[in-house]
Structure formats: structure tokens, C-alpha cells
$ cat entry17.txt   # compact mmCIF, C-alpha atoms
# COMPACT_ATOMS: atom_id res chain seq x y z
CA MET K 1 92.02 43.35 115.20
CA GLU K 2 93.06 44.14 111.63
CA LEU K 3 95.24 46.80 110.02
CA VAL K 4 93.50 48.25 106.96
CA GLN K 5 94.06 50.85 104.28
CA LEU K 6 91.08 53.19 104.07
CA SER K 7 89.03 54.12 101.02
CA ALA K 8 86.29 56.55 100.05
CA SER K 9 83.67 54.38 101.75
CA ASP K 10 85.44 54.99 105.09
CA PHE K 11 85.45 58.78 104.78
CA GLU K 12 82.59 59.67 107.10
CA GLU K 13 83.57 57.18 109.80
CA ALA K 14 87.25 58.16 109.64
CA LEU K 15 86.53 61.91 109.85
CA ASP K 16 84.12 61.38 112.74
CA PHE K 17 86.84 59.39 114.51
CA LEU K 18 89.55 62.01 113.93
CA ASP K 19 87.22 64.81 115.05
CA LEU K 20 86.36 62.92 118.23
CA VAL K 21 89.96 62.13 119.19
CA PHE K 22 91.40 65.58 118.52
CA SER K 23 88.41 67.43 119.98
CA THR K 24 88.73 65.38 123.15
CA ALA K 25 92.49 65.92 123.44
CA TYR K 26 92.74 69.56 122.33
CA ALA K 27 89.89 71.76 121.15
CA PRO K 28 86.85 71.32 118.90
CA THR K 29 88.25 70.08 115.59
CA ARG K 30 86.75 69.42 112.17
CA PHE K 31 89.33 67.76 109.95
CA GLY K 32 87.28 68.18 106.79
CA ASN K 33 87.22 71.96 107.28
CA MET K 34 90.74 72.27 108.64
CA LEU K 35 92.52 70.18 106.00
CA PRO K 36 90.46 69.91 102.81
CA LEU K 37 93.72 69.36 100.93
CA LEU K 38 94.16 65.95 102.59
CA TYR K 39 90.68 64.74 103.46
CA GLN K 40 88.22 64.26 100.60
CA PRO K 41 85.70 61.39 100.09
CA THR K 42 87.70 59.76 97.29
CA ASP K 43 89.77 56.61 97.09
CA GLU K 44 92.70 58.70 95.87
CA ASP K 45 92.73 60.77 99.06
CA MET K 46 91.60 58.24 101.65
CA GLN K 47 94.12 55.57 100.57
CA HIS K 48 96.81 57.54 102.40
CA ASN K 49 95.22 56.64 105.75
CA PHE K 50 95.85 53.41 107.62
CA ALA K 51 93.66 52.27 110.48
CA ILE K 52 93.26 49.61 113.14
CA ARG K 53 89.80 48.09 113.22
CA GLU K 54 88.61 46.05 116.18
CA HIS K 55 85.20 44.37 116.01
CA GLY K 56 84.70 46.28 112.77
CA ARG K 57 85.19 49.75 114.31
CA ILE K 58 88.08 52.16 113.74
CA ARG K 59 90.19 52.42 116.88
CA ALA K 60 93.32 54.18 115.55
CA ILE K 61 94.46 56.05 112.43
CA VAL K 62 97.77 57.23 110.99
CA GLY K 63 97.93 59.16 107.72
CA MET K 64 100.93 59.00 105.37
CA PHE K 65 100.72 61.73 102.74
CA PRO K 66 103.18 61.91 99.81
CA SER K 67 104.79 65.11 98.56
CA GLN K 68 107.60 66.04 96.22
CA ILE K 69 110.21 68.66 97.03
CA GLN K 70 111.90 70.54 94.22
CA VAL K 71 115.47 71.49 95.18
CA GLY K 72 117.13 73.08 92.19
CA SER K 73 117.04 70.39 89.51
CA LYS K 74 116.59 67.57 92.03
CA ILE K 75 113.38 66.01 93.36
CA LEU K 76 113.13 64.63 96.89
CA HIS K 77 110.27 62.32 97.82
CA LEU K 78 108.71 63.12 101.18
CA GLU K 79 106.04 61.36 103.21
CA GLY K 80 104.24 63.52 105.76
CA ILE K 81 102.74 61.79 108.78
CA GLY K 82 99.52 63.29 110.16
CA GLY K 83 96.24 62.52 111.88
CA VAL K 84 98.00 60.23 114.37
CA SER K 85 95.19 59.17 116.68
CA SER K 86 93.99 56.44 119.01
CA HIS K 87 90.57 56.22 120.63
CA PRO K 88 90.69 57.60 124.21
CA ASN K 89 89.47 54.25 125.54
CA ASP K 90 92.23 52.32 123.76
CA ARG K 91 95.34 54.18 124.87
CA GLY K 92 98.15 51.80 125.82
CA LYS K 93 97.12 49.01 123.46
CA GLY K 94 99.94 49.81 121.03
CA TRP K 95 97.75 50.64 118.04
CA MET K 96 99.64 53.84 117.20
CA LYS K 97 102.97 52.04 117.45
CA GLN K 98 101.78 49.32 115.12
CA LEU K 99 100.51 51.82 112.55
CA MET K 100 103.69 53.93 112.71
CA GLN K 101 105.83 50.83 112.21
CA HIS K 102 103.67 49.86 109.24
CA CYS K 103 104.14 53.30 107.66
CA ILE K 104 107.90 53.26 108.25
CA ALA K 105 108.15 49.84 106.62
CA GLN K 106 106.23 51.23 103.63
CA MET K 107 108.62 54.17 103.38
CA GLN K 108 111.69 51.96 103.67
CA ALA K 109 110.41 49.74 100.87
CA SER K 110 109.71 52.68 98.53
CA ASN K 111 111.75 55.58 97.17
CA THR K 112 111.02 57.83 100.16
CA ASP K 113 113.92 60.19 100.88
CA LEU K 114 112.66 61.84 104.05
CA SER K 115 109.61 62.13 106.28
CA PHE K 116 108.12 64.95 108.32
CA LEU K 117 105.65 65.16 111.19
CA SER K 118 104.75 67.49 114.04
CA GLY K 119 104.41 66.36 117.62
CA LEU K 120 106.26 65.64 120.84
CA ARG K 121 109.97 65.06 120.32
CA GLN K 122 110.56 62.00 122.51
CA ARG K 123 107.31 60.38 121.40
CA TYR K 124 108.55 60.20 117.80
CA GLN K 125 112.23 59.58 118.52
CA TYR K 126 111.15 55.97 119.09
CA PHE K 127 110.35 55.89 115.38
CA GLY K 128 113.58 57.53 114.20
CA TYR K 129 112.37 61.15 114.03
CA GLU K 130 114.26 64.12 115.44
CA LYS K 131 113.59 67.84 115.77
CA ALA K 132 115.34 69.60 112.88
CA GLY K 133 114.87 72.06 110.05
CA ILE K 134 115.18 75.83 110.27
CA GLN K 135 112.46 78.42 110.60
CA LEU K 136 112.97 82.16 111.12
CA HIS K 137 110.51 84.10 113.30
CA TYR K 138 110.21 87.91 113.32
CA GLN K 139 107.81 89.64 115.70
CA LEU K 140 106.64 92.99 114.41
CA HIS K 141 104.78 95.58 116.51
CA ARG K 142 102.88 98.49 115.07
CA THR K 143 105.29 100.80 116.90
CA ASN K 144 108.26 99.20 115.07
CA LEU K 145 106.78 100.28 111.77
CA ARG K 146 105.81 103.74 112.98
CA HIS K 147 109.40 104.45 114.05
CA THR K 148 111.08 102.98 110.96
CA GLU K 149 108.81 103.97 108.07
CA LYS K 150 110.44 107.36 107.53
CA ARG K 151 113.85 105.84 106.92
CA GLN K 152 112.56 103.53 104.20
CA PRO K 153 113.10 104.55 100.55
CA ALA K 154 110.05 105.33 98.43
CA LEU K 155 108.06 102.10 98.41
CA PRO K 156 105.81 100.87 95.61
CA SER K 157 102.08 101.50 96.03
CA LEU K 158 99.94 98.42 96.62
CA HIS K 159 96.88 97.14 98.41
CA PHE K 160 95.58 93.76 99.61
CA THR K 161 92.54 91.73 98.67
CA GLN K 162 91.56 88.37 100.10
CA LEU K 163 92.17 85.50 97.69
CA LYS K 164 89.15 83.36 96.77
CA ASP K 165 89.06 79.98 95.09
CA SER K 166 87.41 81.58 92.04
CA ASP K 167 90.36 83.95 91.47
CA VAL K 168 92.02 81.71 88.90
CA ASP K 169 94.43 84.31 87.49
CA TYR K 170 95.49 85.43 90.96
CA ILE K 171 96.09 81.84 92.04
CA GLU K 172 98.26 81.19 89.01
CA ALA K 173 100.29 84.32 89.82
CA CYS K 174 100.72 83.22 93.44
CA LYS K 175 101.91 79.80 92.34
CA ARG K 176 104.51 81.40 90.06
CA LEU K 177 105.86 83.40 92.99
CA HIS K 178 105.88 80.32 95.23
CA ASP K 179 107.72 78.22 92.65
CA LEU K 180 110.58 80.71 92.37
CA GLN K 181 111.95 79.36 95.63
CA PRO K 182 115.14 77.26 95.45
CA PHE K 183 113.40 74.68 97.68
CA TYR K 184 109.64 74.14 97.55
CA CYS K 185 106.87 71.62 97.91
CA VAL K 186 105.50 70.81 94.47
CA ARG K 187 101.90 72.06 94.62
CA PRO K 188 99.69 71.16 91.64
CA LEU K 189 97.85 74.22 90.34
CA GLU K 190 94.44 72.62 90.89
CA LYS K 191 95.28 72.14 94.59
CA PHE K 192 97.32 75.27 95.20
CA TYR K 193 94.46 77.17 96.85
CA LEU K 194 93.81 74.25 99.19
CA PHE K 195 97.39 74.51 100.45
CA LEU K 196 96.83 78.18 101.23
CA ILE K 197 93.68 77.60 103.30
CA SER K 198 94.98 74.59 105.25
CA LEU K 199 94.70 74.96 109.04
CA HIS K 200 91.95 77.59 108.53
CA ALA K 201 94.50 80.05 107.11
CA LYS K 202 93.52 83.11 105.06
CA PRO K 203 95.42 83.99 101.84
CA TRP K 204 95.75 87.57 100.61
CA VAL K 205 97.18 88.94 97.36
CA ALA K 206 99.06 92.22 97.03
CA LEU K 207 98.04 94.19 93.94
CA ASN K 208 99.85 97.17 92.46
CA SER K 209 98.09 100.24 91.04
CA ASP K 210 97.56 98.39 87.73
CA GLY K 211 95.85 95.48 89.47
CA LYS K 212 98.79 93.14 88.91
CA VAL K 213 99.69 90.54 91.56
CA VAL K 214 103.06 91.53 93.01
CA GLY K 215 102.97 89.33 96.11
CA TYR K 216 100.87 87.26 98.45
CA LEU K 217 100.79 86.25 102.08
CA VAL K 218 98.95 83.74 104.25
CA THR K 219 97.82 84.46 107.80
CA THR K 220 96.29 82.62 110.70
CA PRO K 221 92.58 83.41 111.26
CA ASN K 222 93.30 86.03 113.94
CA GLN K 223 96.22 87.46 111.93
CA ASP K 224 98.75 86.91 114.72
CA ARG K 225 101.11 85.05 112.34
CA ILE K 226 102.03 85.29 108.67
CA THR K 227 102.88 81.72 107.78
CA GLU K 228 103.89 82.28 104.15
CA ILE K 229 104.91 85.40 102.21
CA PHE K 230 106.38 86.01 98.74
CA ALA K 231 106.88 89.13 96.66
CA ASP K 232 108.28 90.23 93.31
CA ASP K 233 111.31 91.79 94.98
CA GLN K 234 112.64 93.12 98.27
CA ALA K 235 111.08 96.57 97.85
CA THR K 236 107.66 95.02 97.26
CA PHE K 237 108.11 92.78 100.29
CA THR K 238 108.91 95.82 102.42
CA ALA K 239 105.87 97.68 101.08
CA MET K 240 103.69 94.65 101.84
CA ILE K 241 104.74 94.69 105.49
CA TYR K 242 103.98 98.37 106.02
CA ARG K 243 100.75 98.24 104.01
CA TRP K 244 99.54 95.14 105.86
CA PHE K 245 99.57 97.03 109.17
CA ALA K 246 98.17 100.19 107.59
CA GLU K 247 95.07 98.38 106.28
CA ARG K 248 94.06 96.61 109.49
CA GLU K 249 93.82 97.06 113.24
CA ILE K 250 96.42 94.64 114.54
CA ALA K 251 98.95 95.44 117.26
CA LYS K 252 101.56 92.86 116.30
CA THR K 253 102.21 89.79 114.20
CA VAL K 254 104.92 87.17 113.72
CA ILE K 255 106.31 86.58 110.24
CA GLN K 256 107.72 83.13 109.52
CA LEU K 257 110.41 82.73 106.86
CA ALA K 258 112.38 79.88 105.35
CA PRO K 259 116.19 80.17 105.64
CA TRP K 260 116.65 80.90 101.92
CA GLN K 261 114.42 84.01 102.11
CA GLU K 262 117.50 86.05 102.95
CA SER K 263 116.51 89.33 101.31
CA TYR K 264 113.25 89.34 103.30
CA ALA K 265 115.14 88.48 106.48
CA ARG K 266 117.45 91.45 106.01
CA VAL K 267 114.45 93.78 105.88
CA LEU K 268 112.89 92.33 109.01
CA SER K 269 116.13 92.20 111.00
CA ASP K 270 116.26 95.98 110.69
CA ILE K 271 112.75 96.69 111.95
CA ALA K 272 111.42 93.72 113.97
CA GLU K 273 111.06 93.90 117.74
CA GLU K 274 112.28 90.31 118.25
CA PHE K 275 113.63 87.53 116.06
CA HIS K 276 114.83 84.00 116.59
CA LEU K 277 115.42 80.65 114.90
CA SER K 278 113.64 77.41 115.68
CA ASP K 279 113.26 73.91 114.33
CA ASN K 280 110.11 73.36 112.31
CA GLY K 281 109.16 69.82 113.18
CA ASN K 282 110.31 66.22 113.42
CA TRP K 283 112.27 64.73 110.53
CA ARG K 284 113.45 61.26 109.62
CA ILE K 285 115.94 60.80 106.78
CA PHE K 286 115.76 57.56 104.81
CA ASN K 287 118.16 58.40 101.97
CA TRP K 288 121.02 60.51 103.30
CA GLU K 289 122.83 60.48 99.96
CA ASN K 290 119.90 62.09 98.15
CA VAL K 291 119.07 64.58 100.90
CA LEU K 292 122.65 65.78 101.38
CA GLY K 293 123.18 65.71 97.63
CA ALA K 294 120.27 68.14 97.17
CA LEU K 295 120.77 70.46 100.14
CA LEU K 296 124.56 70.90 100.03
CA PRO K 297 124.47 72.47 96.52
CA LEU K 298 121.56 74.65 97.68
CA LYS K 299 123.59 76.01 100.58
CA ASN K 300 126.65 76.33 98.34
CA SER K 301 124.64 78.48 95.92
CA GLN K 302 123.91 80.95 98.72
CA HIS K 303 127.10 80.70 100.79
CA LEU K 304 130.21 79.37 99.08
CA LEU K 305 131.24 76.33 101.10
CA ALA K 306 134.81 75.70 102.23
CA ASP K 307 136.76 73.22 100.13
CA GLY K 308 137.31 69.85 101.72
CA THR K 309 136.22 66.24 101.93
CA ALA K 310 134.47 64.24 104.61
CA ARG K 311 133.07 60.74 104.88
CA ILE K 312 130.10 60.84 107.23
CA GLY K 313 128.74 57.60 108.64
CA VAL K 314 125.15 57.29 109.88
CA SER K 315 124.38 54.23 111.98
CA GLY K 316 121.94 51.93 110.25
CA TYR K 317 122.42 53.63 106.87
CA GLY K 318 126.06 53.65 105.81
CA THR K 319 128.58 56.30 104.78
CA VAL K 320 128.16 59.34 102.55
CA SER K 321 131.26 60.86 100.98
CA VAL K 322 131.10 64.63 100.48
CA CYS K 323 133.60 66.65 98.47
CA VAL K 324 133.56 70.42 97.93
CA SER K 325 136.11 71.76 95.47
CA GLY K 326 136.16 75.12 93.72
CA GLY K 327 132.45 75.71 94.29
CA THR K 328 131.44 72.24 93.08
CA VAL K 329 129.78 69.77 95.44
CA THR K 330 129.70 65.99 94.97
CA CYS K 331 127.96 63.58 97.30
CA HIS K 332 127.67 59.79 97.06
CA LYS K 333 127.37 56.71 99.20
CA THR K 334 130.62 54.81 99.72
CA ASN K 335 131.98 51.63 101.28
CA LEU K 336 135.11 53.43 102.46
CA GLN K 337 135.79 53.87 106.17
CA PRO K 338 133.96 56.94 107.59
CA ASP K 339 135.84 59.84 109.18
CA VAL K 340 133.11 60.05 111.80
CA THR K 341 129.97 58.07 112.60
CA TRP K 342 126.86 59.39 114.32
CA ASP K 343 123.59 57.72 115.21
CA SER K 344 120.71 58.90 113.04
CA LEU K 345 119.24 61.29 115.64
CA THR K 346 122.60 62.99 116.25
CA ALA K 347 123.28 63.17 112.51
CA THR K 348 119.89 64.81 111.97
CA ARG K 349 120.59 67.46 114.62
CA ILE K 350 124.10 68.20 113.31
CA LEU K 351 123.45 68.15 109.58
CA LEU K 352 119.88 69.47 109.48
CA GLY K 353 119.23 71.27 112.76
CA HIS K 354 119.31 74.98 113.54
CA PHE K 355 122.17 75.09 116.07
CA PRO K 356 125.91 74.88 115.28
CA ALA K 357 127.20 71.31 115.35
CA ASN K 358 129.45 71.80 118.37
CA TYR K 359 126.36 72.37 120.54
CA HIS K 360 125.27 68.81 119.76
CA THR K 361 128.50 66.86 120.01
CA GLU K 362 132.27 67.26 119.89
CA ILE K 363 133.47 67.40 116.28
CA PRO K 364 136.79 65.70 115.37
CA ALA K 365 139.48 68.34 114.82
CA ALA K 366 140.15 67.20 111.24
CA LEU K 367 136.49 67.86 110.29
CA ARG K 368 135.77 71.10 112.14
CA THR K 369 136.33 73.40 109.16
CA GLN K 370 134.04 71.37 106.90
CA VAL K 371 131.32 70.84 109.49
CA GLN K 372 131.32 74.50 110.53
CA SER K 373 131.10 75.67 106.90
CA TRP K 374 128.74 73.04 105.47
CA PHE K 375 126.20 72.45 108.23
CA PRO K 376 123.45 72.83 109.25
CA LEU K 377 121.76 72.65 105.87
CA PRO K 378 118.76 74.81 104.88
CA LEU K 379 116.02 72.26 105.40
CA SER K 380 112.63 73.87 105.99
CA TRP K 381 108.94 73.10 105.52
CA LEU K 382 106.41 75.90 105.22
CA GLU K 383 103.45 75.62 107.57
CA GLN K 384 100.95 75.64 104.69
CA ASN K 385 102.51 72.41 103.39
CA TYR K 386 101.29 70.96 106.70
CA VAL K 387 102.55 67.38 106.19
$ encode --input "entry17.txt" --output "C-alpha cells"
Amino acid sequence: MELVQLSASDFEEALDFLDLVFSTAYAPTRFGNMLPLLYQPTDEDMQHNFAIREHGRIRAIVGMFPSQIQVGSKILHLEGIGGVSSHPNDRGKGWMKQLMQHCIAQMQASNTDLSFLSGLRQRYQYFGYEKAGIQLHYQLHRTNLRHTEKRQPALPSLHFTQLKDSDVDYIEACKRLHDLQPFYCVRPLEKFYLFLISLHAKPWVALNSDGKVVGYLVTTPNQDRITEIFADDQATFTAMIYRWFAEREIAKTVIQLAPWQESYARVLSDIAEEFHLSDNGNWRIFNWENVLGALLPLKNSQHLLADGTARIGVSGYGTVSVCVSGGTVTCHKTNLQPDVTWDSLTATRILLGHFPANYHTEIPAALRTQVQSWFPLPLSWLEQNYV
């Protein structure tokens, strides 16, 4: 048995292996078609995959894919874990555990701030991951729009056209809209379209009467979910929703938003049939100072945080001192005694989850004002980022 880092020469074998494992466990799967952003026959792309070989054959794979997150003026370094797979005949041999531990050691030795993956909660808690993040879900029925359209103000005229990889100007316009977010995955222009078609998704651009891009959205193949949507302004967003239903025969769809898309959320809260919050995956934080130092100012820019100080200890990491004063947030690691200490899973749920902290644990009385005002933080990861 040997643990190896893959290269371009392993592409065909690795993709055949991934297709076999996931097709056997779930449904027919073709990784090359589903995730062209991540799987290409180049050393640059394949080096992000680690494998166990036994007698020369791949028996398990774990992918570790780097991304950068822009949060205001700060950059966070993320590693997404994906393609976690073991051959059906080798389950129980510990290959996945060995590969996950290898990837975690790599992240700990580098400048990784946080890591994301999707999958069963308890399975990945063994590796320090916990369900967290915030995603908003709004279910819209055609009848919701029929009953609410008359009370909308005059909406801008627009229509949709499906985005193609040859639509260079449209793609550039979509990227500009995407990058206006206060928190976003840095997507190189040359790969932006590949993000939009990950997981077999279909991107559409909204054009005004002059043919100018005023918004875009991304849907699942059967159009039952809109996984990403951006517009020039709130009125255009509203027009996009009504026009989307007007142009196609769909009975209902679910629109997914990030927590900072507040103006969009206000529109949907008025017309949607149902809405709820959920986590959006499993997260592990490696550098709490950097993550809190990026996300606290983001939340403060949207909702002025209560003044106060708190020293928060995370088992296995240390203590982060947070101070909010007059609208200014400072955050740094300290050797001073913490006001409270949580294990990393509890800290992730409290600081980065989608439920109020008191549903996770009892908060010391001296910290209740700060914790209630400051947390949870607006961590979110759009589905088209995948990993």
C-alpha cells in the first residue's frame, strides 16, 4: 500500500474509479461532466487528489481543492474536500481515514484558514468538521406570484437567455455582479463559467431592453432550485423572479440565498410560500483569529454590533480576544485567560452556525449580550463553489 499524489497521467484511471464508486453508492455519475472545474487531465488539476494504491491499483481517493475567499479587504484561504471515495470491496480498511488525516496534516502545515466539505455529520466530526454556515431557502409557487404581482411597483422589463461558454462579454458582466458581494469565492475569469455549470447546473443571464446584462441566475437541470442569483438592484431582482416564472412552465422552485443578500431576502419573505434557514455543509476552522477577524467586521457592517469584549477559548487552538467599540472591531490571538472555553465543534456551532448560541450550550451571564449580538457570523458557501 502507498499513499500517492496524483498527476495528469492518472486522470483516466482516477475518473473511472470515482465514477464507479459514486455510481455504485448513489446514481450513475460522471465526474468529468459533473465537475469540469475540478477534474481536467493536467498536473495542475490532478495534483489536488491523493490516493491509496494497493498492488498498483487505486483503492481510495480524497481531493483537497484550494480556494480563496474575499471578505472585504481580507483574504481567507480555504481547502475544499471532495471526491471522498473507497472501493466497495475495501470498505473498513481505513483508507479514507488515512487520506483524510493526510489532508488535515497538509492543511495544518500550510496557511489554510478553514475547510469545507459536504457529507454525513458524524462521519466527518471524527476529523474536526461540524455542520455550520447559513443558507436561506425560499420556496416559490406559481400561485404566490399570481397573487402578489399586482401589488408590485412597475418593474423593469427584461428577458432571459441561457449563458454559453462563448458569451465572453456576458460572462464578464456576470463576474462583476458576483464580485460585488461582501463575501465571495475568488473565481478567475477564465474559470468563471465552469463554476456556473458545476453539478450539471444551467446559467441564465437577464437582459434589459437594450441587451445589457442586469442579472444572472443558476438553476438545477430540472429548474427546481435556483442555486445562485445576482442582480443590479432590488427592483431588477424582483423582476427576474416574476419573469423567470412567466417564461417557463414550472410550478415551483426554491431560491437559495447567502445571509448577506438581505435586500433579496426582503423581497422573497413577502411573496414566498415557505422559507427557512439551514446549515450549508461541514466546516473545520484552522485559524480562528483570521476567520473571526474577517467575519465579525462583515457582520458589523450590516448590523452594528454591541460594544463589549470577550476572550473566547477554543480547545486545541488557543484564545481569541474580541473587542467591539464604537463600531470598530478588533480581533487577535492572546495568551490571557479566556472568559469561556469551548471544544472546536461547539465553538463552530455557536460562532458559525445558524441557530442562536443558547440552543447549543449555556452562555455565561457576563457574555450573553456579546454572544447574542455578535454570533452566529454570516459564513456561507454558494453551491456553485462546490468545494
$ residues_around --input "entry17.txt" --residues "Gln256 in chain K" --least-positions-apart "3" --cutoff "9 Å" --atoms "all atoms listed in the file" --output "list of chain:residue names"
K:Gln135, K:Leu136, K:His137, K:Tyr138, K:Gln139, K:Arg225, K:Ile226, K:Thr227, K:Glu228, K:Ile229, K:Leu382, K:Glu383
$ write_last_selection --input "entry17.txt" --atoms "C-alpha atoms" --output "tab-separated table (two decimals), in the frame of the given file"
chain	number	residue	atom	x	y	z
K	135	GLN	CA	112.46	78.42	110.60
K	136	LEU	CA	112.97	82.16	111.12
K	137	HIS	CA	110.51	84.10	113.30
K	138	TYR	CA	110.21	87.91	113.32
K	139	GLN	CA	107.81	89.64	115.70
K	225	ARG	CA	101.11	85.05	112.34
K	226	ILE	CA	102.03	85.29	108.67
K	227	THR	CA	102.88	81.72	107.78
K	228	GLU	CA	103.89	82.28	104.15
K	229	ILE	CA	104.91	85.40	102.21
K	382	LEU	CA	106.41	75.90	105.22
K	383	GLU	CA	103.45	75.62	107.57
$ closest_residue --input "entry17.txt" --among "K:Tyr359, K:Phe230, K:Tyr386, K:Phe127" --to "Gln261 in chain K" --atoms "only C-alpha atoms"
K:Phe230
$ closest_atom_pairs --input "entry17.txt" --of "range 162-270 of chain K" --to "range 62-69 of chain K" --cutoff "8 Å" --atoms "all atoms listed in the file" --output "CSV"
residue,atom,partner,partner_atom,distance
K:Phe183,CA,K:Ile69,CA,6.8
K:Tyr184,CA,K:Ile69,CA,5.5
K:Cys185,CA,K:Ile69,CA,4.5
K:Val186,CA,K:Gln68,CA,5.5
$ write_last_selection --input "entry17.txt" --atoms "C-alpha atoms" --output "mmCIF file, keeping the file's coordinate frame"
data_model
loop_
_atom_site.group_PDB
_atom_site.id
_atom_site.type_symbol
_atom_site.label_atom_id
_atom_site.label_comp_id
_atom_site.auth_asym_id
_atom_site.auth_seq_id
_atom_site.Cartn_x
_atom_site.Cartn_y
_atom_site.Cartn_z
ATOM 1 C CA PHE K 183 113.400 74.680 97.680
ATOM 2 C CA TYR K 184 109.640 74.140 97.550
ATOM 3 C CA CYS K 185 106.870 71.620 97.910
ATOM 4 C CA VAL K 186 105.500 70.810 94.470
#
$ closest_residue --input "entry17.txt" --among "K:Gly83, K:Pro156, K:Pro203, K:Gly327" --to "Cys174 in chain K" --atoms "only C-alpha atoms"
K:Pro203
$ closest_residue --input "entry17.txt" --among "K:Leu298, K:Val387, K:Cys331, K:Ile363" --to "Ser73 in chain K" --atoms "all atoms listed in the file"
K:Leu298
$ residues_around --input "entry17.txt" --residues "Leu336 in chain K" --least-positions-apart "5" --cutoff "12 Å" --atoms "only C-alpha atoms" --output "PyMOL selection string"
chain K and resi 310-313+318-321
$ closest_residue --input "entry17.txt" --among "K:Leu180, K:Ala109, K:Leu277, K:Val214" --to "Pro259 in chain K" --atoms "only C-alpha atoms"
K:Leu277
$ closest_residue --input "entry17.txt" --among "K:Gly326, K:Ile197, K:Asp165, K:Gly72" --to "Lys299 in chain K" --atoms "all atoms listed in the file"
K:Gly72
$ atom_distance --input "entry17.txt" --atom1 "CA of Ala239 in chain K" --atom2 "CA of Glu262 in chain K"
16.6 Å
$ atom_distance --input "entry17.txt" --atom1 "CA of Thr24 in chain K" --atom2 "CA of Ile58 in chain K"
16.2 Å
$ closest_residue --input "entry17.txt" --among "K:Gly56, K:Tyr317, K:His48, K:Val322" --to "Glu13 in chain K" --atoms "only C-alpha atoms"
K:Gly56
$ atom_distance --input "entry17.txt" --atom1 "CA of Ala347 in chain K" --atom2 "CA of Asn282 in chain K"
13.4 Å
$ residues_around --input "entry17.txt" --residues "Ser23 in chain K" --least-positions-apart "6" --cutoff "12 Å" --atoms "all atoms listed in the file" --output "MDAnalysis selection string"
chainID K and resid 15:17 29:31 85 87:88
